[in-house]
>>> print(open('run04.csv').read())   # CSV, C-alpha atoms
chain,number,residue,atom,x,y,z
L,1,MET,CA,-6.5,-10.2,-22.8
L,2,SER,CA,-4.2,-7.1,-23.0
L,3,CYS,CA,-5.0,-3.7,-24.5
L,4,ASP,CA,-3.3,-0.4,-25.4
L,5,ARG,CA,-5.4,1.9,-23.2
L,6,ALA,CA,-7.4,1.6,-20.0
L,7,VAL,CA,-9.6,4.0,-18.0
L,8,VAL,CA,-9.9,3.2,-14.3
L,9,SER,CA,-11.7,4.8,-11.4
L,10,SER,CA,-10.5,4.0,-7.9
L,11,PRO,CA,-12.4,4.8,-4.7
L,12,ALA,CA,-11.8,6.5,-1.3
L,13,THR,CA,-11.8,4.2,1.7
L,14,ILE,CA,-12.0,4.3,5.5
L,15,ALA,CA,-9.3,2.3,7.2
L,16,ASN,CA,-9.6,0.9,10.7
L,17,PHE,CA,-13.4,1.6,10.7
L,18,GLY,CA,-13.5,1.8,14.5
L,19,PRO,CA,-11.8,-1.0,16.3
L,20,GLY,CA,-10.0,-2.7,13.3
L,21,PHE,CA,-6.6,-1.0,13.4
L,22,ASP,CA,-4.6,-2.0,10.3
L,23,SER,CA,-7.3,-4.7,9.7
L,24,PHE,CA,-10.7,-3.3,8.8
L,25,GLY,CA,-11.5,-1.3,5.7
L,26,LEU,CA,-14.7,0.1,4.2
L,27,CYS,CA,-14.9,1.1,0.5
L,28,LEU,CA,-16.8,4.3,-0.3
L,29,ASP,CA,-18.8,4.9,-3.4
L,30,LYS,CA,-17.3,8.3,-3.8
L,31,PRO,CA,-15.0,10.3,-4.2
L,32,ARG,CA,-12.9,8.5,-6.7
L,33,ASP,CA,-9.6,9.0,-8.5
L,34,GLY,CA,-9.6,8.7,-12.3
L,35,ILE,CA,-6.6,7.1,-14.0
L,36,VAL,CA,-6.0,6.7,-17.8
L,37,ILE,CA,-3.0,4.6,-18.9
L,38,ARG,CA,-1.7,4.1,-22.4
L,39,SER,CA,1.0,1.7,-23.6
L,40,LEU,CA,4.3,3.2,-24.7
L,41,PRO,CA,7.5,1.6,-26.0
L,42,LYS,CA,9.5,-0.4,-23.5
L,43,GLY,CA,11.3,1.6,-20.8
L,44,ARG,CA,9.3,4.8,-21.3
L,45,HIS,CA,7.3,6.1,-18.3
L,46,GLU,CA,5.3,9.4,-18.3
L,47,VAL,CA,3.0,10.8,-15.6
L,48,LYS,CA,0.6,13.7,-15.8
L,49,VAL,CA,-1.5,15.0,-12.9
L,50,LEU,CA,-4.8,16.9,-13.3
L,51,GLY,CA,-7.0,18.7,-10.8
L,52,LYS,CA,-6.4,21.0,-7.8
L,53,PHE,CA,-4.2,18.7,-5.8
L,54,SER,CA,-0.4,18.8,-6.3
L,55,LEU,CA,1.2,15.4,-6.7
L,56,PRO,CA,4.7,14.2,-8.0
L,57,THR,CA,5.0,13.6,-11.7
L,58,THR,CA,8.2,11.6,-11.4
L,59,PRO,CA,7.1,8.0,-12.1
L,60,GLU,CA,9.1,6.6,-9.2
L,61,LYS,CA,7.5,9.1,-6.7
L,62,ASN,CA,3.9,9.0,-7.8
L,63,THR,CA,2.0,6.3,-6.0
L,64,ALA,CA,-0.2,5.4,-9.0
L,65,SER,CA,2.7,5.0,-11.5
L,66,TYR,CA,4.9,3.4,-8.8
L,67,ALA,CA,2.3,0.7,-8.2
L,68,ALA,CA,1.9,0.2,-11.9
L,69,MET,CA,5.7,-0.3,-12.3
L,70,LYS,CA,5.7,-2.8,-9.4
L,71,LEU,CA,2.8,-4.7,-11.0
L,72,ALA,CA,4.8,-4.9,-14.2
L,73,ASP,CA,7.9,-6.1,-12.2
L,74,LEU,CA,5.8,-8.8,-10.4
L,75,CYS,CA,4.4,-10.3,-13.6
L,76,GLY,CA,7.8,-10.4,-15.3
L,77,SER,CA,7.4,-7.3,-17.6
L,78,PRO,CA,9.7,-4.8,-15.8
L,79,ASP,CA,10.3,-2.8,-19.1
L,80,ALA,CA,6.6,-2.2,-19.8
L,81,GLY,CA,6.3,1.4,-21.0
L,82,PHE,CA,3.3,3.6,-20.2
L,83,SER,CA,1.9,7.1,-20.1
L,84,MET,CA,-0.4,7.7,-17.2
L,85,THR,CA,-2.8,10.6,-16.4
L,86,VAL,CA,-4.1,10.8,-12.8
L,87,ARG,CA,-7.0,13.0,-11.8
L,88,LYS,CA,-7.2,13.1,-8.0
L,89,GLY,CA,-10.7,13.0,-6.5
L,90,MET,CA,-9.6,13.3,-2.9
L,91,LYS,CA,-7.1,15.4,-0.9
L,92,PRO,CA,-3.9,13.7,-0.1
L,93,GLY,CA,-3.4,13.2,3.7
L,94,SER,CA,-7.1,13.3,4.3
L,95,GLY,CA,-7.6,10.0,6.1
L,96,LEU,CA,-9.7,8.7,3.2
L,97,GLY,CA,-7.2,6.4,1.6
L,98,SER,CA,-6.0,8.9,-1.0
L,99,SER,CA,-2.7,7.0,-1.6
L,100,ALA,CA,-4.4,3.7,-1.7
L,101,ALA,CA,-6.9,4.9,-4.3
L,102,SER,CA,-4.0,6.0,-6.5
L,103,SER,CA,-2.0,2.8,-5.9
L,104,VAL,CA,-4.9,0.5,-6.6
L,105,GLY,CA,-6.0,2.5,-9.6
L,106,GLY,CA,-2.4,2.4,-11.0
L,107,ALA,CA,-2.0,-1.3,-10.4
L,108,VAL,CA,-5.3,-2.2,-11.9
L,109,ALA,CA,-4.7,0.0,-14.9
L,110,MET,CA,-1.3,-1.7,-15.6
L,111,ALA,CA,-2.9,-5.1,-15.1
L,112,ALA,CA,-5.5,-4.2,-17.7
L,113,ILE,CA,-3.0,-3.3,-20.4
L,114,LEU,CA,-0.9,-6.3,-19.6
L,115,GLY,CA,-3.8,-8.7,-19.3
L,116,VAL,CA,-3.1,-9.7,-15.7
L,117,ARG,CA,-6.0,-11.1,-13.7
L,118,ASP,CA,-4.2,-12.2,-10.5
L,119,LYS,CA,-5.9,-10.2,-7.7
L,120,GLY,CA,-3.3,-11.3,-5.3
L,121,MET,CA,-0.5,-9.8,-7.5
L,122,ILE,CA,-2.5,-6.6,-7.9
L,123,LEU,CA,-3.1,-6.4,-4.2
L,124,GLU,CA,0.7,-6.7,-3.5
L,125,ALA,CA,1.6,-4.1,-6.1
L,126,SER,CA,-1.0,-1.8,-4.6
L,127,ALA,CA,0.4,-2.2,-1.1
L,128,MET,CA,3.9,-1.4,-2.5
L,129,GLY,CA,2.5,1.9,-3.8
L,130,GLU,CA,0.9,2.6,-0.4
L,131,GLU,CA,4.3,1.9,1.2
L,132,LEU,CA,5.9,4.6,-0.9
L,133,VAL,CA,3.9,7.3,1.0
L,134,ALA,CA,2.9,5.6,4.3
L,135,GLY,CA,6.3,4.1,5.1
L,136,SER,CA,4.9,0.6,5.6
L,137,ARG,CA,3.2,-2.0,3.5
L,138,HIS,CA,-0.3,-2.2,5.1
L,139,PHE,CA,-3.4,-3.6,3.4
L,140,ASP,CA,-6.5,-2.2,5.0
L,141,ASN,CA,-7.1,0.7,2.6
L,142,VAL,CA,-5.9,-1.1,-0.6
L,143,SER,CA,-8.0,-4.2,0.2
L,144,ALA,CA,-11.1,-2.2,0.5
L,145,ALA,CA,-10.4,-0.2,-2.6
L,146,LEU,CA,-9.6,-3.3,-4.7
L,147,TYR,CA,-12.4,-5.7,-3.5
L,148,GLY,CA,-15.0,-3.2,-2.4
L,149,GLY,CA,-17.4,-3.5,0.5
L,150,PHE,CA,-16.1,-4.2,4.0
L,151,THR,CA,-12.8,-6.0,4.2
L,152,VAL,CA,-10.7,-7.6,6.9
L,153,VAL,CA,-7.0,-8.2,6.7
L,154,SER,CA,-7.2,-11.4,8.8
L,155,ASP,CA,-3.6,-12.5,8.2
L,156,GLN,CA,-1.1,-9.9,6.8
L,157,ARG,CA,1.6,-12.5,6.5
L,158,THR,CA,-0.3,-14.6,4.1
L,159,ARG,CA,-2.3,-11.7,2.7
L,160,LYS,CA,-5.6,-13.3,3.7
L,161,ILE,CA,-8.4,-10.9,3.1
L,162,LEU,CA,-12.0,-11.5,4.2
L,163,ARG,CA,-14.7,-9.8,2.2
L,164,ILE,CA,-18.2,-8.9,3.6
L,165,ARG,CA,-20.9,-7.2,1.7
L,166,PRO,CA,-22.1,-4.5,4.1
L,167,PRO,CA,-25.7,-3.3,4.4
L,168,GLN,CA,-26.7,0.1,2.9
L,169,PHE,CA,-26.2,3.1,5.1
L,170,GLN,CA,-25.2,6.7,4.7
L,171,ILE,CA,-21.6,7.8,5.5
L,172,ILE,CA,-21.3,11.5,6.4
L,173,VAL,CA,-17.7,12.7,6.1
L,174,ALA,CA,-16.3,16.0,7.3
L,175,LEU,CA,-12.7,17.0,6.4
L,176,PRO,CA,-11.3,19.9,8.4
L,177,ASP,CA,-8.9,22.2,6.8
L,178,ILE,CA,-5.8,20.6,8.4
L,179,SER,CA,-3.4,17.9,7.2
L,180,VAL,CA,-2.3,14.8,9.1
L,181,GLU,CA,0.5,12.7,7.6
L,182,THR,CA,0.1,9.0,8.0
L,183,ARG,CA,3.7,8.7,9.1
L,184,VAL,CA,3.2,11.3,11.9
L,185,ALA,CA,-0.1,9.7,13.0
L,186,ARG,CA,1.5,6.3,13.3
L,187,SER,CA,4.5,7.6,15.2
L,188,MET,CA,2.2,8.8,17.9
L,189,LEU,CA,1.0,5.3,18.7
L,190,PRO,CA,2.6,3.4,21.7
L,191,SER,CA,4.6,0.3,21.1
L,192,SER,CA,2.6,-1.6,23.7
L,193,VAL,CA,-1.0,-1.4,25.1
L,194,GLU,CA,-2.6,-2.3,28.4
L,195,MET,CA,-4.3,-5.7,28.5
L,196,LYS,CA,-7.7,-4.2,29.3
L,197,ASP,CA,-7.6,-2.1,26.2
L,198,ALA,CA,-6.6,-5.0,24.0
L,199,VAL,CA,-9.4,-7.1,25.5
L,200,CYS,CA,-11.9,-4.3,24.8
L,201,ASN,CA,-10.8,-4.0,21.2
L,202,VAL,CA,-11.1,-7.7,20.6
L,203,GLY,CA,-14.7,-7.4,21.8
L,204,LEU,CA,-15.4,-4.4,19.7
L,205,ALA,CA,-13.9,-5.9,16.6
L,206,SER,CA,-15.8,-9.2,17.1
L,207,GLY,CA,-19.1,-7.2,17.5
L,208,MET,CA,-18.4,-5.2,14.4
L,209,LEU,CA,-17.9,-8.4,12.3
L,210,HIS,CA,-21.2,-9.8,13.7
L,211,ALA,CA,-23.0,-6.6,13.0
L,212,MET,CA,-21.7,-6.5,9.4
L,213,MET,CA,-22.6,-10.1,8.7
L,214,THR,CA,-26.1,-9.7,10.2
L,215,ARG,CA,-26.4,-6.4,8.3
L,216,ASN,CA,-27.5,-4.5,11.5
L,217,VAL,CA,-26.6,-0.9,10.9
L,218,ARG,CA,-27.6,0.3,14.3
L,219,MET,CA,-25.2,-2.3,15.8
L,220,ILE,CA,-22.4,-1.3,13.4
L,221,GLY,CA,-22.7,2.2,14.7
L,222,SER,CA,-22.5,1.1,18.3
L,223,TYR,CA,-19.1,-0.7,17.7
L,224,LEU,CA,-17.5,2.3,16.0
L,225,ASP,CA,-15.1,2.7,19.0
L,226,ASP,CA,-11.4,2.0,19.6
L,227,LYS,CA,-9.1,1.9,22.6
L,228,LEU,CA,-5.8,1.4,20.7
L,229,ALA,CA,-5.3,4.3,18.2
L,230,LEU,CA,-8.2,6.6,18.6
L,231,PRO,CA,-7.3,8.0,22.0
L,232,HIS,CA,-3.9,9.2,20.6
L,233,ARG,CA,-5.1,10.4,17.2
L,234,ILE,CA,-7.9,12.6,18.3
L,235,LYS,CA,-5.2,14.9,19.7
L,236,LEU,CA,-4.4,15.8,16.1
L,237,ILE,CA,-8.0,16.9,15.3
L,238,PRO,CA,-9.1,20.1,17.1
L,239,GLY,CA,-12.7,19.9,18.2
L,240,TYR,CA,-13.0,16.1,17.7
L,241,SER,CA,-15.2,15.6,20.8
L,242,GLU,CA,-17.4,18.5,20.0
L,243,VAL,CA,-18.0,17.4,16.4
L,244,ARG,CA,-18.7,13.8,17.6
L,245,ASP,CA,-21.3,15.1,20.1
L,246,ALA,CA,-22.9,17.3,17.5
L,247,ALA,CA,-23.2,14.4,15.1
L,248,MET,CA,-24.7,12.0,17.6
L,249,GLU,CA,-27.2,14.7,18.8
L,250,ALA,CA,-28.3,15.2,15.2
L,251,GLY,CA,-29.1,11.5,14.8
L,252,ALA,CA,-25.8,9.7,13.9
L,253,LEU,CA,-25.6,6.0,14.8
L,254,GLY,CA,-21.8,6.1,15.3
L,255,PHE,CA,-18.8,8.3,14.8
L,256,SER,CA,-15.0,7.9,14.3
L,257,ILE,CA,-11.9,9.0,12.5
L,258,GLY,CA,-11.2,8.0,8.9
L,259,GLY,CA,-7.9,6.2,9.0
L,260,SER,CA,-5.3,8.4,10.6
L,261,GLY,CA,-7.4,11.5,10.1
L,262,PRO,CA,-8.1,14.3,9.9
L,263,ALA,CA,-11.3,13.2,8.2
L,264,VAL,CA,-14.1,12.2,10.6
L,265,PHE,CA,-17.2,10.3,9.7
L,266,ALA,CA,-20.6,9.4,11.0
L,267,ILE,CA,-23.0,6.7,9.8
L,268,SER,CA,-26.8,7.0,9.7
L,269,GLN,CA,-30.0,5.7,8.1
L,270,GLY,CA,-31.6,9.1,7.7
L,271,ASN,CA,-30.9,12.7,8.8
L,272,ALA,CA,-27.7,12.7,6.8
L,273,GLN,CA,-28.0,16.3,5.7
L,274,LYS,CA,-28.8,17.4,9.3
L,275,ILE,CA,-25.8,15.4,10.6
L,276,ARG,CA,-23.5,16.9,7.9
L,277,LYS,CA,-24.5,20.5,8.8
L,278,ALA,CA,-24.0,19.8,12.5
L,279,MET,CA,-20.5,18.4,11.9
L,280,VAL,CA,-19.5,21.4,9.7
L,281,SER,CA,-21.0,23.9,12.2
L,282,SER,CA,-19.2,22.3,15.1
L,283,PHE,CA,-15.8,22.4,13.3
L,284,LYS,CA,-16.5,26.1,12.5
L,285,SER,CA,-17.2,26.8,16.2
L,286,VAL,CA,-13.6,25.8,17.0
L,287,GLY,CA,-12.2,27.9,14.1
L,288,LEU,CA,-11.9,25.3,11.4
L,289,LYS,CA,-13.3,25.3,7.9
L,290,SER,CA,-14.3,21.9,6.6
L,291,ASP,CA,-15.4,20.2,3.4
L,292,SER,CA,-18.1,17.6,3.7
L,293,PHE,CA,-20.0,15.0,1.7
L,294,ILE,CA,-22.4,12.2,2.0
L,295,THR,CA,-21.8,8.8,0.4
L,296,VAL,CA,-22.6,5.1,0.8
L,297,PRO,CA,-20.5,1.8,0.8
L,298,GLY,CA,-19.0,1.2,-2.6
L,299,THR,CA,-18.1,-1.8,-4.7
L,300,GLY,CA,-14.4,-1.1,-5.4
L,301,VAL,CA,-12.1,-0.1,-8.2
L,302,LYS,CA,-13.7,-0.2,-11.7
L,303,VAL,CA,-12.2,-0.6,-15.2
L,304,GLU,CA,-14.4,1.9,-17.0
L,305,LYS,CA,-13.1,1.4,-20.5
L,306,LEU,CA,-10.6,-0.7,-22.5
L,307,SER,CA,-9.4,0.0,-26.0
>>> encode(input="run04.csv", output="structure tokens")
Amino acid sequence: MSCDRAVVSSPATIANFGPGFDSFGLCLDKPRDGIVIRSLPKGRHEVKVLGKFSLPTTPEKNTASYAAMKLADLCGSPDAGFSMTVRKGMKPGSGLGSSAASSVGGAVAMAAILGVRDKGMILEASAMGEELVAGSRHFDNVSAALYGGFTVVSDQRTRKILRIRPPQFQIIVALPDISVETRVARSMLPSSVEMKDAVCNVGLASGMLHAMMTRNVRMIGSYLDDKLALPHRIKLIPGYSEVRDAAMEAGALGFSIGGSGPAVFAISQGNAQKIRKAMVSSFKSVGLKSDSFITVPGTGVKVEKLS
């Protein structure tokens, strides 16, 4: 069933989630992007951006509207006209899936006004929006934002996504006042890795899946490690080791980087405020201001209203 107007909210996500480089994703309950789309005559595209973050308003350069246009292309309605308003709930380049939130929100919004229910098509259009910013079509963030919970891109070629409902735990996020572009963070990674590091990551990733499926939060925290991307990306985040140590001493069960950074996060089952304060204080000790918040695993993108 199609409609003329849709209101969508699309969540932040944490890609990689420890050892699952380009594979694991965790949906967060908040923050969220808000997207409103309205039908317009064929061929007309308009974009408005609200909030404190500056984003392109050219439809072909904004990830939300671009994903919407790609969804229209995929379902055979390339001339679908729309007006879109995007209110960003998270800072672009934060490591919290900002572009994925916009892409998924835009694709889902367009799907709503066109009456499209094919999740595979929505996923593909969302990844195309992500590609516009990241430079490659990867699915870890968009899968988590679309489906919610903990997701695994088990086969990127066939777009096979595994979905696991995670246990409840607290996620403490600190975002230092620096920017890390995904393209730059990816360019730092080596084209090959040592066998011992690959073997270690297979073990860590297998342990993480077992921990998620058995809903063992303490075990989840113990597998938040990585030998492939993390050792290279921490160089982009001043004070990373100090902040990690402060979080663990305050009671965190595990700690890592959100996506390509610069956001870092800890998980816990208590002491969340104490951990948050320790992380912010530790960044301050190395001369960095940081924003912080506490959230929990989320359930994915939501169509809030249709009319």
>>> closest_residue(input="run04.csv", among="L:Gly120, L:Gly25, L:Pro176, L:Gly239", to="L:Ala144", atoms="only C-alpha atoms")
L:Gly25
>>> closest_residue(input="run04.csv", among="L:Asp177, L:Asp140, L:Asp197, L:Asp225", to="L:Cys27", atoms="all atoms listed in the file")
L:Asp140
>>> closest_residue(input="run04.csv", among="L:Lys305, L:Arg44, L:Lys70, L:Arg215", to="L:Arg165", atoms="only C-alpha atoms")
L:Arg215
>>> residues_around(input="run04.csv", residues="L:Ala266", least_positions_apart="5", cutoff="6 Å", atoms="all atoms listed in the file", output="ChimeraX atom specification")
/L:171-172,252,254-255
>>> closest_residue(input="run04.csv", among="L:Ala250, L:Ala15, L:Val49, L:Val7", to="L:Gly270", atoms="all atoms listed in the file")
L:Ala250
>>> residues_around(input="run04.csv", residues="L:Ser222", least_positions_apart="6", cutoff="12 Å", atoms="all atoms listed in the file", output="list in words")
Phe17, Gly18, Pro19, Leu204, Ala205, Gly207, Met208, His210, Ala211, Met212, Asn216, Met248, Ala252, Leu253, Gly254, Phe255, Ser256, Ala266, Ile267 and Ser268 of chain L
>>> closest_residue(input="run04.csv", among="L:Ala107, L:Ile275, L:Ala145, L:Val133", to="L:Thr299", atoms="all atoms listed in the file")
L:Ala145
>>> residues_around(input="run04.csv", residues="stretch 76-93 of chain L", least_positions_apart="2", cutoff="8 Å", atoms="all atoms listed in the file", output="count of residues only")
42
>>> residues_around(input="run04.csv", residues="stretch 277-288 of chain L", least_positions_apart="5", cutoff="6 Å", atoms="all atoms listed in the file", output="PDB file with C-alpha atoms, keeping the file's coordinate frame")
ATOM      1  CA  VAL L 243     -18.000  17.400  16.400  1.00  0.00           C
ATOM      2  CA  ALA L 246     -22.900  17.300  17.500  1.00  0.00           C
ATOM      3  CA  ALA L 247     -23.200  14.400  15.100  1.00  0.00           C
TER       4      ALA L 247
END
>>> closest_residue(input="run04.csv", among="L:Ala272, L:Val173, L:Leu162, L:Ala127", to="L:Lys30", atoms="all atoms listed in the file")
L:Val173
>>> residues_around(input="run04.csv", residues="L:Ser126", least_positions_apart="3", cutoff="7 Å", atoms="only C-alpha atoms", output="PyMOL selection string")
chain L and resi 67+103-104+107+122-123+129-130+142
>>> atom_distance(input="run04.csv", atom1="atom CA of L:Arg5", atom2="atom CA of L:Ser307")
5.2 Å
>>> build_atoms(input="run04.csv", residues="stretch 216-239 of chain L", atoms="N, CA, C and O atoms", output="PDB file, in the frame of the given file")
ATOM      1  N   ASN L 216     -26.773  -5.332  10.454  1.00  0.00           N
ATOM      2  CA  ASN L 216     -27.500  -4.500  11.500  1.00  0.00           C
ATOM      3  C   ASN L 216     -26.768  -3.179  11.598  1.00  0.00           C
ATOM      4  O   ASN L 216     -25.751  -3.060  12.274  1.00  0.00           O
ATOM      5  N   VAL L 217     -27.313  -2.176  10.940  1.00  0.00           N
ATOM      6  CA  VAL L 217     -26.600  -0.900  10.900  1.00  0.00           C
ATOM      7  C   VAL L 217     -26.543  -0.204  12.234  1.00  0.00           C
ATOM      8  O   VAL L 217     -25.513   0.386  12.577  1.00  0.00           O
ATOM      9  N   ARG L 218     -27.591  -0.291  13.016  1.00  0.00           N
ATOM     10  CA  ARG L 218     -27.600   0.300  14.300  1.00  0.00           C
ATOM     11  C   ARG L 218     -26.440  -0.315  15.195  1.00  0.00           C
ATOM     12  O   ARG L 218     -25.728   0.381  15.931  1.00  0.00           O
ATOM     13  N   MET L 219     -26.265  -1.611  15.059  1.00  0.00           N
ATOM     14  CA  MET L 219     -25.200  -2.300  15.800  1.00  0.00           C
ATOM     15  C   MET L 219     -23.828  -1.908  15.270  1.00  0.00           C
ATOM     16  O   MET L 219     -22.883  -1.730  16.046  1.00  0.00           O
ATOM     17  N   ILE L 220     -23.719  -1.744  13.964  1.00  0.00           N
ATOM     18  CA  ILE L 220     -22.400  -1.300  13.400  1.00  0.00           C
ATOM     19  C   ILE L 220     -22.032   0.030  14.015  1.00  0.00           C
ATOM     20  O   ILE L 220     -20.885   0.213  14.423  1.00  0.00           O
ATOM     21  N   GLY L 221     -22.979   0.942  14.119  1.00  0.00           N
ATOM     22  CA  GLY L 221     -22.700   2.200  14.700  1.00  0.00           C
ATOM     23  C   GLY L 221     -22.231   2.120  16.164  1.00  0.00           C
ATOM     24  O   GLY L 221     -21.326   2.845  16.611  1.00  0.00           O
ATOM     25  N   SER L 222     -22.818   1.198  16.895  1.00  0.00           N
ATOM     26  CA  SER L 222     -22.500   1.100  18.300  1.00  0.00           C
ATOM     27  C   SER L 222     -21.072   0.529  18.536  1.00  0.00           C
ATOM     28  O   SER L 222     -20.503   0.709  19.618  1.00  0.00           O
ATOM     29  N   TYR L 223     -20.500  -0.137  17.523  1.00  0.00           N
ATOM     30  CA  TYR L 223     -19.100  -0.700  17.700  1.00  0.00           C
ATOM     31  C   TYR L 223     -18.068   0.193  17.031  1.00  0.00           C
ATOM     32  O   TYR L 223     -16.910  -0.206  16.943  1.00  0.00           O
ATOM     33  N   LEU L 224     -18.437   1.403  16.604  1.00  0.00           N
ATOM     34  CA  LEU L 224     -17.500   2.300  16.000  1.00  0.00           C
ATOM     35  C   LEU L 224     -16.673   3.005  17.173  1.00  0.00           C
ATOM     36  O   LEU L 224     -16.779   4.214  17.405  1.00  0.00           O
ATOM     37  N   ASP L 225     -15.903   2.224  17.867  1.00  0.00           N
ATOM     38  CA  ASP L 225     -15.100   2.700  19.000  1.00  0.00           C
ATOM     39  C   ASP L 225     -13.733   2.046  18.897  1.00  0.00           C
ATOM     40  O   ASP L 225     -13.549   1.061  18.167  1.00  0.00           O
ATOM     41  N   ASP L 226     -12.791   2.550  19.652  1.00  0.00           N
ATOM     42  CA  ASP L 226     -11.400   2.000  19.600  1.00  0.00           C
ATOM     43  C   ASP L 226     -10.658   2.459  20.824  1.00  0.00           C
ATOM     44  O   ASP L 226     -10.774   3.618  21.248  1.00  0.00           O
ATOM     45  N   LYS L 227      -9.878   1.567  21.401  1.00  0.00           N
ATOM     46  CA  LYS L 227      -9.100   1.900  22.600  1.00  0.00           C
ATOM     47  C   LYS L 227      -7.559   1.890  22.258  1.00  0.00           C
ATOM     48  O   LYS L 227      -6.752   2.176  23.140  1.00  0.00           O
ATOM     49  N   LEU L 228      -7.191   1.568  21.013  1.00  0.00           N
ATOM     50  CA  LEU L 228      -5.800   1.400  20.700  1.00  0.00           C
ATOM     51  C   LEU L 228      -5.202   2.681  20.001  1.00  0.00           C
ATOM     52  O   LEU L 228      -4.194   3.223  20.443  1.00  0.00           O
ATOM     53  N   ALA L 229      -5.818   3.130  18.921  1.00  0.00           N
ATOM     54  CA  ALA L 229      -5.300   4.300  18.200  1.00  0.00           C
ATOM     55  C   ALA L 229      -6.065   5.552  18.376  1.00  0.00           C
ATOM     56  O   ALA L 229      -5.483   6.635  18.460  1.00  0.00           O
ATOM     57  N   LEU L 230      -7.375   5.445  18.477  1.00  0.00           N
ATOM     58  CA  LEU L 230      -8.200   6.600  18.600  1.00  0.00           C
ATOM     59  C   LEU L 230      -7.860   7.592  19.688  1.00  0.00           C
ATOM     60  O   LEU L 230      -7.771   8.813  19.458  1.00  0.00           O
ATOM     61  N   PRO L 231      -7.614   7.114  20.917  1.00  0.00           N
ATOM     62  CA  PRO L 231      -7.300   8.000  22.000  1.00  0.00           C
ATOM     63  C   PRO L 231      -6.075   8.914  21.732  1.00  0.00           C
ATOM     64  O   PRO L 231      -5.966  10.033  22.241  1.00  0.00           O
ATOM     65  N   HIS L 232      -5.145   8.416  20.924  1.00  0.00           N
ATOM     66  CA  HIS L 232      -3.900   9.200  20.600  1.00  0.00           C
ATOM     67  C   HIS L 232      -4.152  10.087  19.410  1.00  0.00           C
ATOM     68  O   HIS L 232      -3.654  11.217  19.383  1.00  0.00           O
ATOM     69  N   ARG L 233      -4.909   9.619  18.425  1.00  0.00           N
ATOM     70  CA  ARG L 233      -5.100  10.400  17.200  1.00  0.00           C
ATOM     71  C   ARG L 233      -6.033  11.537  17.284  1.00  0.00           C
ATOM     72  O   ARG L 233      -5.949  12.488  16.500  1.00  0.00           O
ATOM     73  N   ILE L 234      -6.963  11.484  18.209  1.00  0.00           N
ATOM     74  CA  ILE L 234      -7.900  12.600  18.300  1.00  0.00           C
ATOM     75  C   ILE L 234      -7.170  13.891  18.757  1.00  0.00           C
ATOM     76  O   ILE L 234      -7.681  14.991  18.539  1.00  0.00           O
ATOM     77  N   LYS L 235      -5.973  13.742  19.302  1.00  0.00           N
ATOM     78  CA  LYS L 235      -5.200  14.900  19.700  1.00  0.00           C
ATOM     79  C   LYS L 235      -4.767  15.738  18.471  1.00  0.00           C
ATOM     80  O   LYS L 235      -4.430  16.923  18.600  1.00  0.00           O
ATOM     81  N   LEU L 236      -4.761  15.114  17.298  1.00  0.00           N
ATOM     82  CA  LEU L 236      -4.400  15.800  16.100  1.00  0.00           C
ATOM     83  C   LEU L 236      -5.543  16.508  15.405  1.00  0.00           C
ATOM     84  O   LEU L 236      -5.351  17.196  14.391  1.00  0.00           O
ATOM     85  N   ILE L 237      -6.755  16.333  15.942  1.00  0.00           N
ATOM     86  CA  ILE L 237      -8.000  16.900  15.300  1.00  0.00           C
ATOM     87  C   ILE L 237      -8.653  17.824  16.320  1.00  0.00           C
ATOM     88  O   ILE L 237      -9.400  17.369  17.200  1.00  0.00           O
ATOM     89  N   PRO L 238      -8.420  19.135  16.232  1.00  0.00           N
ATOM     90  CA  PRO L 238      -9.100  20.100  17.100  1.00  0.00           C
ATOM     91  C   PRO L 238     -10.610  19.964  17.042  1.00  0.00           C
ATOM     92  O   PRO L 238     -11.162  19.877  15.951  1.00  0.00           O
ATOM     93  N   GLY L 239     -11.265  19.917  18.190  1.00  0.00           N
ATOM     94  CA  GLY L 239     -12.700  19.900  18.200  1.00  0.00           C
ATOM     95  C   GLY L 239     -13.335  18.520  17.970  1.00  0.00           C
ATOM     96  O   GLY L 239     -14.553  18.411  17.787  1.00  0.00           O
TER      97      GLY L 239
END
